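Visitor: Below is the file start.cif, with mmCIF, N, CA and C atoms.
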data_structure
loop_
_atom_site.label_atom_id
_atom_site.label_comp_id
_atom_site.auth_asym_id
_atom_site.auth_seq_id
_atom_site.Cartn_x
_atom_site.Cartn_y
_atom_site.Cartn_z
N MET A 1 88.92 76.90 135.71
CA MET A 1 89.81 77.80 135.01
C MET A 1 88.97 78.97 134.51
N ASN A 2 89.16 80.10 135.08
CA ASN A 2 88.38 81.27 134.73
C ASN A 2 89.31 82.46 134.59
N ASP A 3 90.13 82.45 133.55
CA ASP A 3 91.13 83.50 133.41
C ASP A 3 90.74 84.56 132.38
N ARG A 4 89.65 84.37 131.70
CA ARG A 4 89.13 85.34 130.74
C ARG A 4 90.16 85.77 129.69
N CYS A 5 90.99 84.85 129.27
CA CYS A 5 91.97 85.12 128.22
C CYS A 5 91.36 84.83 126.87
N GLN A 6 91.72 85.63 125.90
CA GLN A 6 91.26 85.39 124.54
C GLN A 6 92.30 85.90 123.57
N TRP A 7 92.61 85.08 122.59
CA TRP A 7 93.53 85.47 121.53
C TRP A 7 92.81 85.24 120.21
N SER A 8 93.12 86.06 119.23
CA SER A 8 92.47 85.95 117.92
C SER A 8 93.48 86.11 116.80
N LEU A 9 93.15 85.50 115.68
CA LEU A 9 93.92 85.69 114.46
C LEU A 9 93.72 87.14 114.01
N SER A 10 94.77 87.81 113.65
CA SER A 10 94.70 89.22 113.29
C SER A 10 94.09 89.41 111.90
N GLU A 11 93.01 90.16 111.85
CA GLU A 11 92.37 90.45 110.58
C GLU A 11 93.29 91.25 109.67
N ASP A 12 94.06 92.16 110.25
CA ASP A 12 94.92 93.04 109.46
C ASP A 12 96.29 92.44 109.15
N GLN A 13 96.77 91.52 109.99
CA GLN A 13 98.15 91.05 109.88
C GLN A 13 98.29 89.63 109.33
N SER A 14 97.28 88.79 109.46
CA SER A 14 97.42 87.39 109.10
C SER A 14 96.98 87.11 107.66
N PRO A 15 97.82 86.43 106.89
CA PRO A 15 97.41 86.04 105.54
C PRO A 15 96.36 84.93 105.54
N ASP A 16 96.14 84.29 106.70
CA ASP A 16 95.17 83.20 106.79
C ASP A 16 93.75 83.68 107.10
N TRP A 17 93.59 84.96 107.43
CA TRP A 17 92.28 85.49 107.78
C TRP A 17 91.46 85.70 106.51
N TYR A 18 90.16 85.40 106.57
CA TYR A 18 89.26 85.65 105.45
C TYR A 18 87.89 86.02 105.99
N GLU A 19 87.11 86.66 105.16
CA GLU A 19 85.77 87.09 105.52
C GLU A 19 84.81 85.92 105.38
N ALA A 20 83.94 85.74 106.34
CA ALA A 20 82.95 84.66 106.28
C ALA A 20 81.80 85.06 105.36
N GLU A 21 81.18 84.05 104.75
CA GLU A 21 79.99 84.30 103.95
C GLU A 21 78.85 84.68 104.88
N VAL A 22 77.99 85.54 104.42
CA VAL A 22 76.84 85.98 105.21
C VAL A 22 75.75 84.92 105.12
N ASN A 23 75.15 84.60 106.27
CA ASN A 23 74.03 83.65 106.30
C ASN A 23 72.77 84.38 105.85
N ASN A 24 72.20 83.95 104.75
CA ASN A 24 70.96 84.54 104.27
C ASN A 24 69.74 83.92 104.92
N ASN A 25 69.89 82.75 105.46
CA ASN A 25 68.80 82.03 106.10
C ASN A 25 68.94 82.18 107.62
N GLU A 26 67.97 82.81 108.25
CA GLU A 26 68.05 83.05 109.69
C GLU A 26 68.09 81.76 110.49
N ASP A 27 67.54 80.68 109.95
CA ASP A 27 67.53 79.40 110.66
C ASP A 27 68.87 78.68 110.56
N GLU A 28 69.73 79.12 109.67
CA GLU A 28 71.02 78.48 109.46
C GLU A 28 71.93 78.79 110.65
N GLU A 29 72.50 77.77 111.24
CA GLU A 29 73.33 77.96 112.42
C GLU A 29 74.79 77.61 112.13
N ILE A 30 75.31 78.12 111.04
CA ILE A 30 76.70 77.86 110.67
C ILE A 30 77.58 78.91 111.33
N PRO A 31 78.59 78.47 112.05
CA PRO A 31 79.47 79.45 112.71
C PRO A 31 80.40 80.11 111.70
N GLY A 32 80.95 81.24 112.09
CA GLY A 32 81.97 81.90 111.28
C GLY A 32 83.27 81.12 111.38
N PRO A 33 84.29 81.55 110.66
CA PRO A 33 85.58 80.86 110.72
C PRO A 33 86.15 80.85 112.14
N PRO A 34 86.84 79.78 112.52
CA PRO A 34 87.36 79.67 113.89
C PRO A 34 88.69 80.40 114.06
N PHE A 35 88.63 81.71 114.27
CA PHE A 35 89.85 82.51 114.35
C PHE A 35 90.19 82.94 115.77
N ASP A 36 89.53 82.41 116.77
CA ASP A 36 89.82 82.73 118.17
C ASP A 36 90.44 81.50 118.83
N ILE A 37 91.30 81.74 119.80
CA ILE A 37 91.91 80.64 120.56
C ILE A 37 91.47 80.78 122.02
N ARG A 38 91.06 79.67 122.60
CA ARG A 38 90.69 79.64 124.02
C ARG A 38 91.34 78.44 124.67
N LEU A 39 91.58 78.57 125.95
CA LEU A 39 92.12 77.46 126.73
C LEU A 39 91.00 76.52 127.13
N VAL A 40 91.32 75.23 127.23
CA VAL A 40 90.35 74.19 127.59
C VAL A 40 90.97 73.33 128.67
N GLN A 41 90.15 72.85 129.60
CA GLN A 41 90.66 71.97 130.65
C GLN A 41 89.73 70.78 130.81
N ALA A 42 90.33 69.59 130.91
CA ALA A 42 89.61 68.36 131.23
C ALA A 42 90.36 67.73 132.39
N GLY A 43 89.76 67.77 133.57
CA GLY A 43 90.47 67.31 134.76
C GLY A 43 91.72 68.17 134.92
N PRO A 44 92.87 67.56 135.15
CA PRO A 44 94.10 68.34 135.31
C PRO A 44 94.76 68.70 133.98
N ARG A 45 94.24 68.18 132.89
CA ARG A 45 94.89 68.35 131.58
C ARG A 45 94.46 69.65 130.91
N LEU A 46 95.45 70.38 130.39
CA LEU A 46 95.18 71.65 129.73
C LEU A 46 95.43 71.54 128.24
N GLY A 47 94.66 72.30 127.49
CA GLY A 47 94.83 72.35 126.06
C GLY A 47 94.30 73.66 125.52
N TRP A 48 94.33 73.80 124.23
CA TRP A 48 93.79 74.98 123.57
C TRP A 48 93.10 74.55 122.29
N ALA A 49 92.18 75.39 121.84
CA ALA A 49 91.44 75.08 120.63
C ALA A 49 91.10 76.35 119.88
N TRP A 50 91.18 76.27 118.57
CA TRP A 50 90.66 77.33 117.72
C TRP A 50 89.14 77.21 117.75
N GLY A 51 88.46 78.32 117.59
CA GLY A 51 87.01 78.25 117.55
C GLY A 51 86.40 79.55 117.08
N PHE A 52 85.12 79.48 116.80
CA PHE A 52 84.34 80.67 116.51
C PHE A 52 83.64 81.00 117.80
N HIS A 53 84.04 82.08 118.43
CA HIS A 53 83.50 82.44 119.73
C HIS A 53 82.80 83.79 119.65
N THR A 54 81.70 83.87 120.32
CA THR A 54 81.03 85.17 120.44
C THR A 54 81.76 85.93 121.55
N TYR A 55 81.40 87.14 121.76
CA TYR A 55 82.08 87.95 122.76
C TYR A 55 81.78 87.45 124.17
N ILE A 56 82.72 87.69 125.08
CA ILE A 56 82.54 87.30 126.48
C ILE A 56 81.27 87.94 127.00
N GLY A 57 80.48 87.17 127.69
CA GLY A 57 79.22 87.66 128.23
C GLY A 57 78.03 87.31 127.35
N ASP A 58 78.28 86.92 126.12
CA ASP A 58 77.22 86.51 125.22
C ASP A 58 76.85 85.07 125.57
N ASP A 59 75.56 84.77 125.64
CA ASP A 59 75.12 83.42 126.01
C ASP A 59 75.18 82.43 124.86
N SER A 60 75.51 82.88 123.65
CA SER A 60 75.59 81.97 122.51
C SER A 60 76.77 81.03 122.68
N PRO A 61 76.61 79.76 122.31
CA PRO A 61 77.74 78.84 122.42
C PRO A 61 78.80 79.11 121.36
N CYS A 62 80.02 78.70 121.65
CA CYS A 62 81.08 78.78 120.65
C CYS A 62 81.13 77.44 119.94
N ASP A 63 81.66 77.44 118.75
CA ASP A 63 81.86 76.20 118.00
C ASP A 63 83.36 76.04 117.85
N SER A 64 83.88 74.94 118.36
CA SER A 64 85.31 74.75 118.52
C SER A 64 85.88 73.72 117.55
N CYS A 65 87.15 73.92 117.20
CA CYS A 65 87.92 72.88 116.53
C CYS A 65 88.32 71.85 117.59
N GLU A 66 88.98 70.80 117.16
CA GLU A 66 89.49 69.80 118.10
C GLU A 66 90.51 70.44 119.05
N ILE A 67 90.71 69.83 120.20
CA ILE A 67 91.60 70.37 121.22
C ILE A 67 93.03 69.90 120.97
N ASN A 68 93.96 70.84 121.05
CA ASN A 68 95.38 70.57 120.99
C ASN A 68 95.87 70.53 122.44
N TRP A 69 96.20 69.36 122.93
CA TRP A 69 96.58 69.19 124.34
C TRP A 69 98.02 69.61 124.56
N LEU A 70 98.27 70.25 125.69
CA LEU A 70 99.60 70.73 126.04
C LEU A 70 100.40 69.70 126.84
N ASP A 71 99.70 68.77 127.44
CA ASP A 71 100.39 67.78 128.27
C ASP A 71 99.73 66.41 128.07
N PRO A 72 100.40 65.35 128.47
CA PRO A 72 99.84 64.01 128.29
C PRO A 72 98.65 63.77 129.23
N GLU A 73 97.86 62.76 128.88
CA GLU A 73 96.74 62.44 129.77
C GLU A 73 97.27 61.88 131.08
N PRO A 74 96.50 62.06 132.16
CA PRO A 74 96.94 61.56 133.47
C PRO A 74 97.11 60.04 133.46
N ASP A 75 97.96 59.57 134.31
CA ASP A 75 98.18 58.13 134.47
C ASP A 75 96.87 57.47 134.92
N ARG A 76 96.59 56.29 134.39
CA ARG A 76 95.35 55.58 134.72
C ARG A 76 95.19 55.30 136.22
N ASP A 77 96.30 55.21 136.93
CA ASP A 77 96.24 54.92 138.35
C ASP A 77 96.13 56.17 139.22
N SER A 78 96.18 57.35 138.61
CA SER A 78 96.13 58.58 139.40
C SER A 78 94.70 58.90 139.82
N SER A 79 94.58 59.70 140.84
CA SER A 79 93.26 60.09 141.34
C SER A 79 92.56 61.06 140.38
N ASP A 80 93.30 61.72 139.49
CA ASP A 80 92.72 62.68 138.54
C ASP A 80 92.16 62.02 137.28
N TYR A 81 92.49 60.75 137.06
CA TYR A 81 92.16 60.11 135.79
C TYR A 81 90.65 60.02 135.55
N GLU A 82 89.89 59.63 136.57
CA GLU A 82 88.44 59.47 136.39
C GLU A 82 87.78 60.81 136.05
N ASN A 83 88.16 61.87 136.73
CA ASN A 83 87.63 63.20 136.45
C ASN A 83 88.00 63.63 135.03
N TYR A 84 89.24 63.38 134.64
CA TYR A 84 89.70 63.70 133.29
C TYR A 84 88.86 62.96 132.24
N ILE A 85 88.66 61.67 132.43
CA ILE A 85 87.89 60.87 131.46
C ILE A 85 86.45 61.37 131.35
N GLN A 86 85.82 61.68 132.47
CA GLN A 86 84.44 62.18 132.43
C GLN A 86 84.35 63.48 131.64
N GLU A 87 85.26 64.41 131.91
CA GLU A 87 85.23 65.68 131.21
C GLU A 87 85.62 65.52 129.73
N LEU A 88 86.56 64.64 129.45
CA LEU A 88 86.96 64.38 128.07
C LEU A 88 85.81 63.76 127.28
N GLN A 89 85.08 62.82 127.88
CA GLN A 89 83.95 62.19 127.20
C GLN A 89 82.86 63.22 126.91
N ALA A 90 82.67 64.17 127.81
CA ALA A 90 81.69 65.22 127.55
C ALA A 90 82.11 66.06 126.34
N ILE A 91 83.41 66.37 126.26
CA ILE A 91 83.92 67.16 125.15
C ILE A 91 83.82 66.38 123.84
N GLU A 92 84.30 65.15 123.83
CA GLU A 92 84.33 64.35 122.61
C GLU A 92 82.98 63.78 122.24
N GLY A 93 82.07 63.72 123.19
CA GLY A 93 80.75 63.16 122.94
C GLY A 93 79.74 64.16 122.45
N ARG A 94 80.24 65.27 121.91
CA ARG A 94 79.38 66.32 121.37
C ARG A 94 78.50 66.96 122.44
N GLU A 95 78.91 66.82 123.68
CA GLU A 95 78.21 67.52 124.74
C GLU A 95 78.88 68.87 124.92
N ASP A 96 78.20 69.77 125.61
CA ASP A 96 78.77 71.08 125.86
C ASP A 96 79.94 70.98 126.83
N PHE A 97 80.93 71.84 126.65
CA PHE A 97 82.00 71.98 127.63
C PHE A 97 82.28 73.46 127.77
N PHE A 98 83.01 73.83 128.80
CA PHE A 98 83.29 75.24 129.05
C PHE A 98 84.72 75.56 128.68
N ASN A 99 84.92 76.71 128.04
CA ASN A 99 86.28 77.14 127.73
C ASN A 99 86.78 78.04 128.86
N SER A 100 87.93 78.67 128.65
CA SER A 100 88.55 79.46 129.70
C SER A 100 87.74 80.69 130.09
N SER A 101 86.78 81.07 129.29
CA SER A 101 85.93 82.21 129.62
C SER A 101 84.57 81.77 130.13
N ASP A 102 84.48 80.49 130.54
CA ASP A 102 83.23 79.92 131.03
C ASP A 102 82.10 80.05 130.01
N GLN A 103 82.46 79.99 128.74
CA GLN A 103 81.48 80.01 127.67
C GLN A 103 81.25 78.57 127.22
N ILE A 104 80.01 78.22 126.95
CA ILE A 104 79.70 76.86 126.51
C ILE A 104 80.25 76.67 125.10
N CYS A 105 80.97 75.56 124.88
CA CYS A 105 81.54 75.24 123.58
C CYS A 105 81.08 73.87 123.12
N GLN A 106 81.17 73.65 121.83
CA GLN A 106 80.85 72.35 121.24
C GLN A 106 81.82 72.09 120.10
N ILE A 107 82.19 70.82 119.92
CA ILE A 107 82.98 70.43 118.75
C ILE A 107 82.00 69.74 117.81
N ASN A 108 81.44 70.51 116.90
CA ASN A 108 80.48 69.98 115.94
C ASN A 108 80.88 70.33 114.52
N PHE A 109 80.66 71.56 114.13
CA PHE A 109 80.92 72.01 112.77
C PHE A 109 82.37 71.79 112.36
N PHE A 110 83.31 72.03 113.29
CA PHE A 110 84.74 71.93 112.98
C PHE A 110 85.35 70.62 113.46
N ARG A 111 84.54 69.58 113.66
CA ARG A 111 85.06 68.28 114.10
C ARG A 111 86.10 67.79 113.09
N GLY A 112 87.25 67.35 113.61
CA GLY A 112 88.33 66.86 112.74
C GLY A 112 89.35 67.93 112.39
N CYS A 113 89.05 69.19 112.67
CA CYS A 113 89.99 70.29 112.39
C CYS A 113 90.77 70.63 113.65
N TYR A 114 92.08 70.66 113.55
CA TYR A 114 92.92 71.07 114.67
C TYR A 114 93.43 72.49 114.50
N GLN A 115 93.21 73.06 113.36
CA GLN A 115 93.56 74.45 113.07
C GLN A 115 92.46 75.00 112.18
N PRO A 116 92.39 76.33 112.04
CA PRO A 116 91.32 76.88 111.20
C PRO A 116 91.40 76.34 109.77
N PRO A 117 90.25 75.99 109.20
CA PRO A 117 90.26 75.53 107.81
C PRO A 117 90.60 76.70 106.88
N THR A 118 91.17 76.37 105.74
CA THR A 118 91.38 77.41 104.73
C THR A 118 90.02 77.91 104.27
N GLU A 119 90.01 78.99 103.53
CA GLU A 119 88.74 79.53 103.05
C GLU A 119 88.01 78.50 102.18
N GLU A 120 88.75 77.76 101.36
CA GLU A 120 88.14 76.74 100.51
C GLU A 120 87.56 75.60 101.36
N GLU A 121 88.30 75.16 102.37
CA GLU A 121 87.81 74.10 103.25
C GLU A 121 86.57 74.56 104.01
N TYR A 122 86.57 75.82 104.45
CA TYR A 122 85.42 76.37 105.17
C TYR A 122 84.18 76.37 104.28
N LYS A 123 84.35 76.78 103.03
CA LYS A 123 83.21 76.78 102.10
C LYS A 123 82.70 75.37 101.86
N ARG A 124 83.63 74.39 101.78
CA ARG A 124 83.21 72.99 101.62
C ARG A 124 82.42 72.53 102.85
N LEU A 125 82.88 72.87 104.05
CA LEU A 125 82.15 72.51 105.26
C LEU A 125 80.75 73.11 105.27
N ARG A 126 80.64 74.35 104.83
CA ARG A 126 79.32 75.00 104.76
C ARG A 126 78.40 74.25 103.79
N ARG A 127 78.94 73.89 102.62
CA ARG A 127 78.12 73.16 101.63
C ARG A 127 77.66 71.81 102.22
N GLU A 128 78.58 71.09 102.85
CA GLU A 128 78.26 69.78 103.44
C GLU A 128 77.23 69.94 104.56
N TYR A 129 77.36 70.97 105.36
CA TYR A 129 76.42 71.22 106.45
C TYR A 129 75.02 71.49 105.92
N ASN A 130 74.95 72.25 104.82
CA ASN A 130 73.65 72.60 104.23
C ASN A 130 72.96 71.43 103.56
N THR A 131 73.70 70.37 103.21
CA THR A 131 73.08 69.22 102.55
C THR A 131 72.70 68.13 103.54
N ASP A 132 73.13 68.24 104.79
CA ASP A 132 72.80 67.21 105.80
C ASP A 132 71.40 67.38 106.32
#
Any chance you could give the structure as structure tokens?

Guide:
Amino acid sequence: MNDRCQWSLSEDQSPDWYEAEVNNNEDEEIPGPPFDIRLVQAGPRLGWAWGFHTYIGDDSPCDSCEINWLDPEPDRDSSDYENYIQELQAIEGREDFFNSSDQICQINFFRGCYQPPTEEEYKRLRREYNTD
């Protein structure tokens, strides 16, 4: 899936948009708020995920929320099931996966989030990340 589609939460129009805190420590690898949406595919199954994505063409990985699937998983007896499970395990196993823009993504910082965290939740995640 290489459709180069990207959607984002509107900075000017959305009441849910907020400014991220600036990282003062260059070694800190905390992503910004996940205000971009990208399509994800595991085998024949399609879904979408909120995430913090760099611009297309940037080699930096994106940090994704959990995937919201659009369709059910393939039947266990289908020929697509094994491929789906392998790709799903890569996604859920904290391994890299590719989004619709062929950008490497990971579900790490936003694990457990299916939508962007509120500003307060985001700040809590940052504090927890800094203490680990």

Visitor: If you measure from atom C of A:Phe35 to atom C of A:Asp16, what distance in Å do you get, rounded to one decimal?

Guide: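 These atoms are spaced 9.4 Å apart.
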
Visitor: Mind pulling up the distance from atom CA of A:Glu92 to atom N of A:Glu128?

Guide: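 One can read the atom N of A:Glu128 to atom CA of A:Glu92 distance as 21.7 Å.
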
Visitor: Please measure the separation of atom C of A:Asn83 and atom C of A:Ala42, giving the value in Å to one decimal.

Guide: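 Taking atom C of A:Asn83 and atom C of A:Ala42, their separation equals 5.4 Å.
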
Visitor: Quick one: residues within 6 Å of (81.2, 79.8, 106.8) (file frame), counting only N, CA and C atoms, please, as a list in words.

Guide: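 Selection result: Ala20, Glu21, Ile30, Pro31, Gly32, Pro33, Tyr122, Lys123 and Arg126 of chain A.
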
Visitor: Spell out the residues picked by the PyMOL selection byres ((chain A and resi 63) around 6.5) here, as number ranges by chain.

Guide: A: 50-53, 61-62, 64-65, 105-110

Visitor: Give me the residues within 8 Å of A:Gly47 as a list in words, counting all atoms listed in the file and dropping any in the same chain fewer than 6 places off.

Guide: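 With the cut-off at 8 Å, the set is Arg38, Leu39, Val40, Gln41, Ile67, Asn68, Trp69, Leu70 and Asp71 of chain A.
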
Visitor: For A:Glu66, find every residue with an atom within 7 Å (counting all atoms listed in the file), except residues of its own chain fewer than 6 positions away, and show them as a PyMOL selection string.

Guide: chain A and resi 48-50+107+110-115

Visitor: Taking all atoms listed in the file into account, which of A:Asp75, A:Arg45, A:Trp7, A:Glu119 comes nearest A:Glu19?

Guide: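 For A:Glu19, the nearest of the candidates is A:Glu119.
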